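Comments concern the structure below.
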Amino acid sequence: MFHLLKKHSIAFMLLFFISMPLQKSFGQILSPGQKKEFEKREDSIKNIAYNIVFAEETEDRFRADSLFIRMLVRSLKIKNSFYYPFDSLQTISRLYAPDSAFRIFTWQLKKDAYTYFQKGAIQMRTSDGSLKLIPLHDGSEFSVHPEDSVRTPNNWIGAIYYRIVLKTFNGKKYYTLLGFDDYSISSTKKWMEVLTFNSGGDPVFGGPYISFREDSVRKPTKVRFNIEFKKEAGTSFNYNPEMDMIVYDDLVSESEEPNHKDTYVPDGDFQGFKWKDGQWVHVEKVFNFKLKDGEFPKDNQLRDENGNLNENKLIEQSQKNQQKADSIKTKKKGGGN
């Protein structure tokens, strides 16, 4: 039974692109011959990447995932691969850091209606164009308290990333990752955590960066932060450049069952985080008014004026793609054209 994609699910956001300024500058580095070679390889890979999400049987999705990884790594071993965007891999999130120090690939693999795995890799920019690739292994399944521990690439808390925010403090760079996890049959999670690199250049996920020190009721500092909500709820969690804040929906249980996260929906208020002295400090109430149903604290364009992706439009596009897949499934069952 083809139940990989469900109506109103935000499991897969299929329109991840690098910003135009990066594309323009990167295009000047690759020779016409290199670009042609990458285009040829990308054309071979994209159908396999598509099957990771859309293949009907679990074994076919896992087979596609394994083959995709091998083919992608072979392509990335070509000199200067860092500068090729792989734009047609629409089921794979591909984000460059704002300073172009690295890019991160993430995607999701579904085992069954109850189990999702996140996959990923960080590709570092190198001075000679050689490949430095760091695989990410999802340790979420074995994590009882994922908000409380600093992680390495070997026990990463998996997410499909849709935004990287760069901040600095005392000369050090902090990359904040925003992503989502389809999580369960009835609820979705969105994650926020800070990525840093140690003195050896190794990635470190999380740290004492999520502070609640200004809340009316203070809570302990967290290593990473998430919200969990009803699968069908259109919930915003993104960086607002005009406010220089991470803003997210305030959530309440629509059935007054606070212990059941799959009943949580937005209530029209917003909370957030403001970068202060090397931490994201929680803001209990971002706006002094409530938004009406369907309104958002930012415009409804696919990109903002800086070329950054609009999360809500990505989710909307993802839902359209999912409905298209459901339509194809229905036609196949009915023998239609």
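Ligands are numbered from 1 in the order shown, chains are lettered A, B, ... in the order of the structure tokens, and residues start at 1 in each chain.
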With a distance cut-off of 9 Å and only C-alpha atoms, select the neighbouring residues of Ile210 of chain A, excluding the residue or stretch itself and same-chain residues fewer than 6 positions from it, and output the selection as a compact mmCIF listing (two decimals) with N, CA, C and O atoms, in the first residue's frame.
# COMPACT_ATOMS: atom_id res chain seq x y z
N GLU A 193 19.11 23.83 16.60
CA GLU A 193 20.32 23.60 17.37
C GLU A 193 21.50 24.32 16.73
O GLU A 193 21.46 24.70 15.56
N VAL A 194 22.53 24.51 17.53
CA VAL A 194 23.71 25.24 17.08
C VAL A 194 24.82 24.27 16.71
O VAL A 194 25.16 23.37 17.49
N PRO A 220 15.91 25.53 32.89
CA PRO A 220 17.32 25.24 32.61
C PRO A 220 17.68 25.49 31.15
O PRO A 220 16.84 25.35 30.25
N THR A 221 18.91 25.82 30.91
CA THR A 221 19.43 25.98 29.55
C THR A 221 19.37 24.64 28.83
O THR A 221 19.65 23.59 29.43
N LYS A 222 19.01 24.67 27.55
CA LYS A 222 18.92 23.44 26.77
C LYS A 222 20.05 23.38 25.74
O LYS A 222 20.55 24.41 25.27
N VAL A 223 20.40 22.16 25.38
CA VAL A 223 21.43 21.92 24.37
C VAL A 223 20.86 22.13 22.97
O VAL A 223 21.54 22.61 22.06
N ARG A 224 19.61 21.76 22.78
CA ARG A 224 18.88 22.00 21.53
C ARG A 224 17.41 22.14 21.88
O ARG A 224 17.01 21.85 23.00
N PHE A 225 16.61 22.55 20.92
CA PHE A 225 15.22 22.87 21.21
C PHE A 225 14.32 22.35 20.10
O PHE A 225 14.72 22.35 18.92
N PHE A 273 13.42 33.53 19.80
CA PHE A 273 14.75 33.56 20.40
C PHE A 273 15.54 34.72 19.81
O PHE A 273 15.51 34.94 18.60
N GLN A 279 24.30 33.19 23.07
CA GLN A 279 23.20 32.28 23.31
C GLN A 279 21.95 32.79 22.60
O GLN A 279 21.80 33.99 22.36
N TRP A 280 21.06 31.85 22.29
CA TRP A 280 19.72 32.22 21.84
C TRP A 280 18.85 32.32 23.08
O TRP A 280 18.57 31.33 23.74
N VAL A 281 18.43 33.55 23.41
CA VAL A 281 17.66 33.80 24.63
C VAL A 281 16.18 33.83 24.29
O VAL A 281 15.74 34.56 23.38
N HIS A 282 15.41 33.04 25.01
CA HIS A 282 13.99 32.89 24.73
C HIS A 282 13.22 34.19 24.98
O HIS A 282 13.45 34.89 25.97
(request) Excluding Val286 of chain A and residues on its chain fewer than 3 positions from it, collect all residues at most 10 Å away from it, counting only C-alpha atoms, and give them as a VMD selection string. (result) chain A and resid 243 245 to 250 269 to 273 282 to 283 289
(message) Please compute the atom CA of Phe102 of chain A-atom CA of Ile227 of chain A distance, one decimal, in Å.
(response)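 The value is 26.6 Å.
With only C-alpha atoms taken into account, the protein and nucleic acid residues at most 6 Å from Gly120 of chain A (excluding it and anything under 4 positions from it in its own chain) are Phe105, Thr106 and Leu136 of chain A.
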For the selection you just gave me, I'd like the residues written to a file as a PDB file, in the first residue's frame, keeping C-alpha atoms.
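So the final result, stored in result37.pdb, reads:
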ATOM      1  CA  PHE A 105      22.811  17.520   2.568  1.00  0.00           C
ATOM      2  CA  THR A 106      19.858  16.067   4.485  1.00  0.00           C
ATOM      3  CA  LEU A 136      25.825  12.103   9.635  1.00  0.00           C
TER       4      LEU A 136
END
(request) Work out how far apart atom CA of Leu109 of chain A and atom CA of Gly201 of chain A are and give it in Å to one decimal. (result)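 These atoms are spaced 28.3 Å apart.
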(message) Given only C-alpha atoms as the basis, pick out the residue of A:Ser184, A:Ser130, A:Asn80, A:Thr115 nearest to Gln28 of chain A.
(response)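 Smallest distance to Gln28 of chain A is found for A:Asn80.
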(message) Quick check for you: according to DSSP on this backbone, which residues of segment 233-274 of chain A are classed as strand (DSSP E or B)? Reply as a list in words.
(response)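 So the strand (DSSP E or B) residues in segment 233-274 of chain A would be Phe237, Asn238, Tyr239, Asn240, Met245, Ile246, Val247, Tyr248, Asp249, Asp250, Leu251, Val252, Ser253, Tyr264, Val265, Pro266, Asp267, Gly268, Asp269, Phe270, Gln271, Gly272, Phe273 and Lys274 of chain A.
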Okay, now the selection with N, CA, C and O atoms, as an mmCIF file, in the first residue's frame?
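Output contents, as saved in out_39.cif:
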data_model
loop_
_atom_site.group_PDB
_atom_site.id
_atom_site.type_symbol
_atom_site.label_atom_id
_atom_site.label_comp_id
_atom_site.auth_asym_id
_atom_site.auth_seq_id
_atom_site.Cartn_x
_atom_site.Cartn_y
_atom_site.Cartn_z
ATOM 1 N N PHE A 237 8.272 28.028 12.079
ATOM 2 C CA PHE A 237 9.451 28.053 12.964
ATOM 3 C C PHE A 237 10.619 28.451 12.074
ATOM 4 O O PHE A 237 11.225 27.624 11.406
ATOM 5 N N ASN A 238 10.967 29.755 12.066
ATOM 6 C CA ASN A 238 11.977 30.211 11.117
ATOM 7 C C ASN A 238 12.645 31.485 11.611
ATOM 8 O O ASN A 238 12.180 32.119 12.560
ATOM 9 N N TYR A 239 13.718 31.841 10.937
ATOM 10 C CA TYR A 239 14.453 33.063 11.253
ATOM 11 C C TYR A 239 13.842 34.231 10.503
ATOM 12 O O TYR A 239 13.602 34.154 9.293
ATOM 13 N N ASN A 240 13.579 35.329 11.226
ATOM 14 C CA ASN A 240 13.054 36.549 10.631
ATOM 15 C C ASN A 240 14.189 37.565 10.562
ATOM 16 O O ASN A 240 14.604 38.111 11.593
ATOM 17 N N MET A 245 15.496 37.623 14.658
ATOM 18 C CA MET A 245 15.034 36.681 15.668
ATOM 19 C C MET A 245 14.585 35.394 14.999
ATOM 20 O O MET A 245 14.201 35.386 13.825
ATOM 21 N N ILE A 246 14.640 34.318 15.757
ATOM 22 C CA ILE A 246 13.966 33.084 15.370
ATOM 23 C C ILE A 246 12.574 33.130 15.993
ATOM 24 O O ILE A 246 12.430 33.315 17.212
ATOM 25 N N VAL A 247 11.552 33.004 15.159
ATOM 26 C CA VAL A 247 10.168 33.160 15.590
ATOM 27 C C VAL A 247 9.406 31.866 15.318
ATOM 28 O O VAL A 247 9.560 31.264 14.255
ATOM 29 N N TYR A 248 8.591 31.459 16.283
ATOM 30 C CA TYR A 248 7.804 30.241 16.083
ATOM 31 C C TYR A 248 6.432 30.367 16.740
ATOM 32 O O TYR A 248 6.219 31.174 17.651
ATOM 33 N N ASP A 249 5.498 29.555 16.248
ATOM 34 C CA ASP A 249 4.129 29.576 16.755
ATOM 35 C C ASP A 249 4.052 29.109 18.202
ATOM 36 O O ASP A 249 4.686 28.116 18.589
ATOM 37 N N ASP A 250 3.243 29.814 18.971
ATOM 38 C CA ASP A 250 2.854 29.325 20.286
ATOM 39 C C ASP A 250 1.819 28.218 20.072
ATOM 40 O O ASP A 250 0.889 28.375 19.279
ATOM 41 N N LEU A 251 1.985 27.100 20.752
ATOM 42 C CA LEU A 251 1.138 25.936 20.517
ATOM 43 C C LEU A 251 0.307 25.599 21.746
ATOM 44 O O LEU A 251 0.776 25.719 22.888
ATOM 45 N N VAL A 252 -0.921 25.167 21.499
ATOM 46 C CA VAL A 252 -1.802 24.700 22.575
ATOM 47 C C VAL A 252 -2.501 23.427 22.119
ATOM 48 O O VAL A 252 -2.644 23.181 20.917
ATOM 49 N N SER A 253 -2.949 22.626 23.067
ATOM 50 C CA SER A 253 -3.696 21.418 22.730
ATOM 51 C C SER A 253 -5.123 21.800 22.356
ATOM 52 O O SER A 253 -5.839 22.423 23.145
ATOM 53 N N TYR A 264 -1.438 19.386 19.424
ATOM 54 C CA TYR A 264 -1.010 20.777 19.522
ATOM 55 C C TYR A 264 -1.139 21.495 18.181
ATOM 56 O O TYR A 264 -0.728 20.977 17.140
ATOM 57 N N VAL A 265 -1.714 22.718 18.245
ATOM 58 C CA VAL A 265 -1.901 23.564 17.067
ATOM 59 C C VAL A 265 -1.556 25.001 17.447
ATOM 60 O O VAL A 265 -1.568 25.363 18.635
ATOM 61 N N PRO A 266 -1.248 25.869 16.464
ATOM 62 C CA PRO A 266 -0.957 27.277 16.769
ATOM 63 C C PRO A 266 -2.182 27.991 17.352
ATOM 64 O O PRO A 266 -3.319 27.725 16.958
ATOM 65 N N ASP A 267 -1.923 28.926 18.294
ATOM 66 C CA ASP A 267 -3.025 29.674 18.897
ATOM 67 C C ASP A 267 -3.040 31.138 18.478
ATOM 68 O O ASP A 267 -3.868 31.917 18.959
ATOM 69 N N GLY A 268 -2.147 31.539 17.557
ATOM 70 C CA GLY A 268 -2.120 32.915 17.079
ATOM 71 C C GLY A 268 -1.054 33.783 17.715
ATOM 72 O O GLY A 268 -0.732 34.860 17.201
ATOM 73 N N ASP A 269 -0.470 33.351 18.829
ATOM 74 C CA ASP A 269 0.654 34.055 19.444
ATOM 75 C C ASP A 269 1.963 33.483 18.919
ATOM 76 O O ASP A 269 1.985 32.394 18.320
ATOM 77 N N PHE A 270 3.054 34.211 19.188
ATOM 78 C CA PHE A 270 4.366 33.757 18.740
ATOM 79 C C PHE A 270 5.393 33.926 19.852
ATOM 80 O O PHE A 270 5.380 34.913 20.588
ATOM 81 N N GLN A 271 6.271 32.944 19.951
ATOM 82 C CA GLN A 271 7.440 33.017 20.814
ATOM 83 C C GLN A 271 8.675 33.129 19.923
ATOM 84 O O GLN A 271 8.582 33.053 18.701
ATOM 85 N N GLY A 272 9.834 33.290 20.549
ATOM 86 C CA GLY A 272 11.026 33.424 19.727
ATOM 87 C C GLY A 272 12.309 33.315 20.523
ATOM 88 O O GLY A 272 12.304 33.046 21.731
ATOM 89 N N PHE A 273 13.421 33.534 19.805
ATOM 90 C CA PHE A 273 14.749 33.557 20.405
ATOM 91 C C PHE A 273 15.539 34.715 19.811
ATOM 92 O O PHE A 273 15.512 34.935 18.596
ATOM 93 N N LYS A 274 16.255 35.437 20.664
ATOM 94 C CA LYS A 274 17.103 36.557 20.260
ATOM 95 C C LYS A 274 18.545 36.228 20.628
ATOM 96 O O LYS A 274 18.822 35.771 21.726
#
(request) Grab the atom CA of Ser255 of chain A to atom CA of Trp191 of chain A distance for me, in Å with one decimal place. (result) 24.0 Å
(request) Using DSSP on the backbone coordinates, identify the residues of segment 22-259 of chain A assigned to helix (DSSP H, G or I); present them as a ChimeraX atom specification. (result) /A:22-27,32-54,58-76,81-83,140-142,146-148,153-155
(message) Show me, as a list in words, the residues that have an atom within 9 Å of Arg151 of chain A when counting only C-alpha atoms, minus same-chain residues fewer than 3 positions from it.
(response) Asn154, Asn155, Trp156, Ile157, Pro203, Val204, Phe205, Gly206 and Gly207 of chain A
Using N, CA, C and O atoms, can you export the residues from the last selection as a short mmCIF file (atom, residue, chain, number, x, y, z; two decimals), in the first residue's frame?
data_model
loop_
_atom_site.label_atom_id
_atom_site.label_comp_id
_atom_site.auth_asym_id
_atom_site.auth_seq_id
_atom_site.Cartn_x
_atom_site.Cartn_y
_atom_site.Cartn_z
N ASN A 154 28.31 11.00 14.64
CA ASN A 154 27.98 9.58 14.81
C ASN A 154 26.68 9.34 15.58
O ASN A 154 26.14 8.22 15.54
N ASN A 155 26.19 10.34 16.31
CA ASN A 155 24.91 10.18 17.02
C ASN A 155 24.07 11.45 16.89
O ASN A 155 23.43 11.90 17.84
N TRP A 156 24.07 11.98 15.70
CA TRP A 156 23.34 13.18 15.33
C TRP A 156 21.83 13.01 15.55
O TRP A 156 21.28 11.94 15.33
N ILE A 157 21.18 14.09 16.02
CA ILE A 157 19.72 14.09 16.10
C ILE A 157 19.21 14.54 14.74
O ILE A 157 19.29 15.71 14.37
N PRO A 203 32.71 18.65 13.42
CA PRO A 203 31.42 19.25 13.80
C PRO A 203 30.99 18.84 15.20
O PRO A 203 31.17 17.70 15.61
N VAL A 204 30.40 19.80 15.91
CA VAL A 204 29.83 19.57 17.23
C VAL A 204 28.39 20.08 17.18
O VAL A 204 28.15 21.25 16.90
N PHE A 205 27.45 19.19 17.46
CA PHE A 205 26.04 19.54 17.40
C PHE A 205 25.51 19.82 18.80
O PHE A 205 25.53 18.96 19.67
N GLY A 206 25.02 21.03 19.01
CA GLY A 206 24.44 21.40 20.28
C GLY A 206 25.45 21.96 21.26
O GLY A 206 26.66 21.97 21.02
N GLY A 207 24.95 22.44 22.37
CA GLY A 207 25.75 23.05 23.42
C GLY A 207 24.85 23.92 24.27
O GLY A 207 23.64 24.02 24.03
#
Residues within 8 Å of segment 68-75 of chain A, only C-alpha atoms, excluding chain neighbours under 4 positions, as a PDB file with all heavy atoms, in the first residue's frame:
ATOM      1  N   PHE A  38      29.261  17.251 -14.237  1.00  0.00           N
ATOM      2  CA  PHE A  38      28.359  17.218 -13.094  1.00  0.00           C
ATOM      3  C   PHE A  38      26.902  17.094 -13.536  1.00  0.00           C
ATOM      4  O   PHE A  38      26.108  16.380 -12.916  1.00  0.00           O
ATOM      5  CB  PHE A  38      28.539  18.470 -12.234  1.00  0.00           C
ATOM      6  CG  PHE A  38      29.755  18.436 -11.358  1.00  0.00           C
ATOM      7  CD1 PHE A  38      30.734  19.419 -11.450  1.00  0.00           C
ATOM      8  CD2 PHE A  38      29.929  17.412 -10.437  1.00  0.00           C
ATOM      9  CE1 PHE A  38      31.855  19.384 -10.639  1.00  0.00           C
ATOM     10  CE2 PHE A  38      31.050  17.370  -9.615  1.00  0.00           C
ATOM     11  CZ  PHE A  38      32.011  18.357  -9.721  1.00  0.00           C
ATOM     12  N   ARG A  41      26.175  13.499 -14.386  1.00  0.00           N
ATOM     13  CA  ARG A  41      26.035  12.662 -13.192  1.00  0.00           C
ATOM     14  C   ARG A  41      24.745  12.978 -12.437  1.00  0.00           C
ATOM     15  O   ARG A  41      24.069  12.072 -11.936  1.00  0.00           O
ATOM     16  CB  ARG A  41      27.254  12.847 -12.288  1.00  0.00           C
ATOM     17  CG  ARG A  41      28.524  12.214 -12.856  1.00  0.00           C
ATOM     18  CD  ARG A  41      29.736  12.525 -12.018  1.00  0.00           C
ATOM     19  NE  ARG A  41      30.917  11.836 -12.536  1.00  0.00           N
ATOM     20  CZ  ARG A  41      31.353  10.671 -12.098  1.00  0.00           C
ATOM     21  NH1 ARG A  41      30.708  10.050 -11.133  1.00  0.00           N
ATOM     22  NH2 ARG A  41      32.435  10.111 -12.613  1.00  0.00           N
ATOM     23  N   ILE A  45      21.515  10.637 -11.138  1.00  0.00           N
ATOM     24  CA  ILE A  45      21.213  10.506  -9.717  1.00  0.00           C
ATOM     25  C   ILE A  45      19.784  10.917  -9.378  1.00  0.00           C
ATOM     26  O   ILE A  45      19.165  10.362  -8.458  1.00  0.00           O
ATOM     27  CB  ILE A  45      22.199  11.368  -8.884  1.00  0.00           C
ATOM     28  CG1 ILE A  45      23.622  10.835  -9.030  1.00  0.00           C
ATOM     29  CG2 ILE A  45      21.812  11.389  -7.415  1.00  0.00           C
ATOM     30  CD1 ILE A  45      24.659  11.728  -8.386  1.00  0.00           C
ATOM     31  N   ILE A  48      16.974   8.385  -8.869  1.00  0.00           N
ATOM     32  CA  ILE A  48      17.221   7.540  -7.693  1.00  0.00           C
ATOM     33  C   ILE A  48      16.847   8.308  -6.430  1.00  0.00           C
ATOM     34  O   ILE A  48      16.211   7.764  -5.517  1.00  0.00           O
ATOM     35  CB  ILE A  48      18.691   7.096  -7.662  1.00  0.00           C
ATOM     36  CG1 ILE A  48      19.000   6.247  -8.904  1.00  0.00           C
ATOM     37  CG2 ILE A  48      19.003   6.328  -6.390  1.00  0.00           C
ATOM     38  CD1 ILE A  48      20.466   5.992  -9.126  1.00  0.00           C
ATOM     39  N   ALA A  49      17.215   9.597  -6.372  1.00  0.00           N
ATOM     40  CA  ALA A  49      16.851  10.429  -5.224  1.00  0.00           C
ATOM     41  C   ALA A  49      15.333  10.528  -5.091  1.00  0.00           C
ATOM     42  O   ALA A  49      14.779  10.495  -3.986  1.00  0.00           O
ATOM     43  CB  ALA A  49      17.467  11.815  -5.371  1.00  0.00           C
ATOM     44  N   ALA A  64      17.074   2.464  -3.072  1.00  0.00           N
ATOM     45  CA  ALA A  64      17.354   3.753  -3.712  1.00  0.00           C
ATOM     46  C   ALA A  64      18.258   4.608  -2.837  1.00  0.00           C
ATOM     47  O   ALA A  64      19.185   5.267  -3.339  1.00  0.00           O
ATOM     48  CB  ALA A  64      16.046   4.485  -4.002  1.00  0.00           C
ATOM     49  N   SER A  81      33.651  19.877  -6.651  1.00  0.00           N
ATOM     50  CA  SER A  81      32.228  19.509  -6.575  1.00  0.00           C
ATOM     51  C   SER A  81      31.458  20.415  -5.621  1.00  0.00           C
ATOM     52  O   SER A  81      30.233  20.579  -5.759  1.00  0.00           O
ATOM     53  CB  SER A  81      32.082  18.049  -6.136  1.00  0.00           C
ATOM     54  OG  SER A  81      32.540  17.879  -4.801  1.00  0.00           O
TER      55      SER A  81
END
(request) Could you tell me which of A:Asn226, A:Ser127, A:Ser88, A:Asn47 comes closest to Met192 of chain A if we count only C-alpha atoms? (result)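 With only C-alpha atoms as the atom set, the closest residue is A:Asn226.
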(request) May I ask which of the residues A:Leu178, A:Ala113, A:Leu89, A:Leu76 is the closest one to Ser44 of chain A, counting only C-alpha atoms? (result) A:Leu89
